[in-house]
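Peer 1: First the structure, which I've put down as C-alpha cells, then a few questions once you've had a look.
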Amino acid sequence: MQPTELIPQCFRQGAERMARAFGELDQVIVAAHVNPDGDAAGAVAAACHVLRSMGKEIMAYAQPGLPGYLDFFPMPVVVHTTLEHPPFTPRCALLLDCGEPDRLGRELAARLPGLVTVNIDHHLGSDGMGSAANWVEPRAAATAQLMAYVALAAGLPLTGDLATAVALGIITDTGGFCHGNTSADVLYLTAHMVEHGCDIALLRERLENTWSRGRLTLWGQLLQRARLERGGSVCFCPVYLEDLRKCGALKEDLEGFVEQLRRLRGVHVAAVLREDSPGSCKFSLRSYGSVDVRAAAARLGGGGHRNAAGGTVRSPMDAASVHLLDAIAAELDEEGVA
C-alpha cells in the first residue's frame, strides 16, 4: 500500500497541499496554542518529524512549556519557552491547533507579521491565520490527525515516535476514543499505527498514571463543591487560585476534571470556571450529542468544538460565573434543551 492510500479522500488534497507548503519553509518556529494539551504537543512533535525529514532548520516553541504530565513524551527537538535567543534567525512559523494569534501568546503573536506562516487547525470558527497556506479542517478529530496525513503525503511511514505523537493527539481530543468525533477515519488510522508497532495501551498508561497528591486532593475538594444549575441540566464548578495553593496543585492538574462533571446523570453541559487572576477567569465546557457548547463559548468570545469548548471571561469570579451560566442557559434555551 502506498502511504497516500491511507489518507481519506476528503483529506487528501489538503494533506498534499500542506506537504508542498512544508517544502517551501525553512528556519521554522513550530508552535501551537499556549498551555499546550496533548493534541497541541502531538501535532508539534509530528510536524517537527516531517520538517526534519525534509532537512529543515526547526525549533519547537511552547508557552509556558509542555505540561508536567507529558514529561514522558519523546519530543524530537528541544522545546523552547522563549524566543529571545533562538538557535537561528526565524523566517517562517508553522502554527498548529490554533486559529487566533492571541492564542499563540504575546511573544510569538508579535513576531507573526515578519514571518511566512502556515496554519493547520481543526477548530471551527477560523479560516486560518497563515500568510502562505492554511488547512482548517473541522471534520478532523485532532490536529495531530491532520499532521498524520501530511506526513503520509510527504512519504513518511507512521511508525516510531511519529506514530506516538499522532496517537497522543488523537487520544487527547477524542477523550480516549469516547467522544463523538471518534470517526471511522480515526479508528482506521489508529489501527494502522497499532499494526505497525504503536503501543496505545502503554501510551494511555503513561498519560493516566501521572497524578500527584495535589491533584487528587484538588479533585476531591472540587467534586464536593460542584453544583447543579438550571434544574440539573448544567453542572458548574468554580476553581479559585487559592484552591491550587492550598492543595499544592498546578493549573494543569485540572486537565480532565470537567469531563468528570459531564458524567453526572441528567447533565447536558459541564462547566468549570478557573480563576486565572483576580480579574480574569478561564472556562471549559463539555457536552454530549447535539448540545453545542462551542456556540455558548462564542457568546463570550471563546471557541472550540461542538462538545468541547472554552475561553476567557475578563471579570472577577462572581461576575464571570454569572456571565458564563447566562451564556450556557441562553444557548440551551435557543436549542430547546430543558
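Simple scheme: letters A, B, ... for chains in C-alpha cells order, numbers from 1 for residues in each chain, numbers from 1 for ligands in the order shown.
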Could you build a table of the residues in range 93-204 of chain A lying no more than 12 Å from range 208-215 of chain A, giving for each the nearest pair of atoms and their separation in Å rounded to one decimal place, using only C-alpha atoms, ordered by chain and ascending residue number, as CSV?
Peer 2:
residue,atom,partner,partner_atom,distance
A:Ile171,CA,A:Glu208,CA,11.4
A:Thr172,CA,A:Glu208,CA,11.2
A:Gly175,CA,A:Glu208,CA,11.9
A:Gly176,CA,A:Glu208,CA,10.7
A:Ala201,CA,A:Glu208,CA,10.5
A:Leu202,CA,A:Glu208,CA,9.9
A:Leu203,CA,A:Glu208,CA,8.6
A:Arg204,CA,A:Glu208,CA,6.0
Peer 1: Residues of range 45-201 of chain A classed as strand (DSSP E) by DSSP on the backbone are to be reported as a ChimeraX atom specification.
Peer 2: /A:58-61,79-80,92-96,116-121,133-136
Peer 1: Just the number, please: distance in Å from CA of Ala45 in chain A to CA of Asn181 in chain A, one decimal.
Peer 2: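 Interatomic distance here is 22.1 Å.
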Peer 1: Can you list every residue in range 97-201 of chain A that DSSP puts in helix (DSSP H, G or I), as a count of residues only?
Peer 2: 52
Peer 1: When distances are computed from only C-alpha atoms, which of A:Leu70, A:Leu218, A:Leu273, A:Ala110 shows the smallest separation from Lys246 in chain A?
Peer 2: A:Leu218
Peer 1: Using only C-alpha atoms, pick whichever of A:Gln224, A:Thr164, A:Gln9, A:Ser315 has the shortest atom-to-atom distance to Arg206 in chain A.
Peer 2: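 Of A:Gln224, A:Thr164, A:Gln9, A:Ser315, the one nearest Arg206 in chain A, counting only C-alpha atoms, is A:Thr164.
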Peer 1: Which value, in Å to one decimal, gives the distance between CA of Gly310 in chain A and CA of Val293 in chain A?
Peer 2: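 These atoms are spaced 8.4 Å apart.
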Peer 1: In Å, rounded to a single decimal, give me how far CA of Arg262 in chain A is from CA of Cys235 in chain A.
Peer 2: 7.3 Å
Peer 1: So which residues touch Val50 in chain A within 7 Å, counting only C-alpha atoms, skipping near sequence neighbours fewer than 4 positions away, as a VMD selection string?
Peer 2: chain A and resid 46 54 151
Peer 1: May I have the selected residues written with N, CA and C atoms, as a compact mmCIF listing (two decimals), in the first residue's frame?
Peer 2:
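To be explicit, this is the file written out as again-v3.txt:
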# COMPACT_ATOMS: atom_id res chain seq x y z
N ALA A 46 4.84 15.89 15.65
CA ALA A 46 4.70 15.28 14.33
C ALA A 46 5.23 16.21 13.24
N MET A 54 12.77 16.59 5.96
CA MET A 54 12.99 17.39 4.75
C MET A 54 14.28 18.19 4.83
N ALA A 151 2.22 13.91 6.97
CA ALA A 151 3.39 13.02 6.99
C ALA A 151 3.29 11.96 5.90
Peer 1: Using only C-alpha atoms, which of A:Val234, A:His268, A:Ala154, A:Leu244 sits nearest Leu324 in chain A?
Peer 2: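 Residue with the minimum atom-to-atom distance to Leu324 in chain A: A:Val234.
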Peer 1: Which neighbours of Thr82 in chain A fall inside 12 Å, counting only C-alpha atoms, when residues of the same chain fewer than 2 positions from it are skipped, and could you give them as an MDAnalysis selection string?
Peer 2: chainID A and resid 29 31 34 59:65 78:80 84:87 105:108
Peer 1: Set the distance at 9 Å and use only C-alpha atoms: which residues neighbour Gly302 in chain A once local chain neighbours fewer than 4 positions away are removed? I'd like the list as a list in words.
Peer 2: Phe283, Arg294, Ala295, Ala296, Ala297, Ala298, Ala309, Gly310, Gly311, Thr312 and Val313 of chain A
Peer 1: Please provide the set of residues having any atom within 9 Å of Leu216 in chain A, restricted to only C-alpha atoms, with same-chain residues fewer than 4 positions apart removed, written as a list of chain:residue names.
Peer 2: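 Using only C-alpha atoms, the neighbours found are A:Trp211, A:Ser212, A:Gly220, A:Gln221, A:Cys247, A:Ala249, A:Asp253.
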Peer 1: Can you list, as number ranges by chain, every protein, DNA or RNA residue that comes within 7 Å of Ala93 in chain A when you count only C-alpha atoms, leaving out same-chain residues fewer than 5 positions away?
Peer 2: A: 28-30, 115-118
Peer 1: Could the residues in this selection be written to a file with N, CA, C and O atoms, as a short mmCIF file (atom, residue, chain, number, x, y, z; two decimals), in the first residue's frame?
Peer 2:
data_model
loop_
_atom_site.label_atom_id
_atom_site.label_comp_id
_atom_site.auth_asym_id
_atom_site.auth_seq_id
_atom_site.Cartn_x
_atom_site.Cartn_y
_atom_site.Cartn_z
N VAL A 28 12.28 27.46 10.78
CA VAL A 28 10.86 27.45 11.14
C VAL A 28 10.66 27.35 12.66
O VAL A 28 11.24 26.49 13.32
N ILE A 29 9.82 28.23 13.18
CA ILE A 29 9.28 28.07 14.52
C ILE A 29 8.04 27.19 14.40
O ILE A 29 7.12 27.50 13.64
N VAL A 30 8.01 26.08 15.14
CA VAL A 30 6.85 25.19 15.14
C VAL A 30 6.15 25.36 16.49
O VAL A 30 6.75 25.10 17.54
N LEU A 115 7.03 37.05 9.61
CA LEU A 115 7.31 35.66 9.28
C LEU A 115 6.37 35.15 8.19
O LEU A 115 5.22 35.60 8.08
N VAL A 116 6.86 34.22 7.40
CA VAL A 116 6.00 33.46 6.50
C VAL A 116 5.32 32.39 7.34
O VAL A 116 6.00 31.62 8.03
N THR A 117 4.00 32.33 7.31
CA THR A 117 3.30 31.43 8.22
C THR A 117 2.39 30.46 7.49
O THR A 117 1.77 30.77 6.48
N VAL A 118 2.33 29.25 8.06
CA VAL A 118 1.43 28.20 7.60
C VAL A 118 0.63 27.76 8.82
O VAL A 118 1.19 27.61 9.91
#
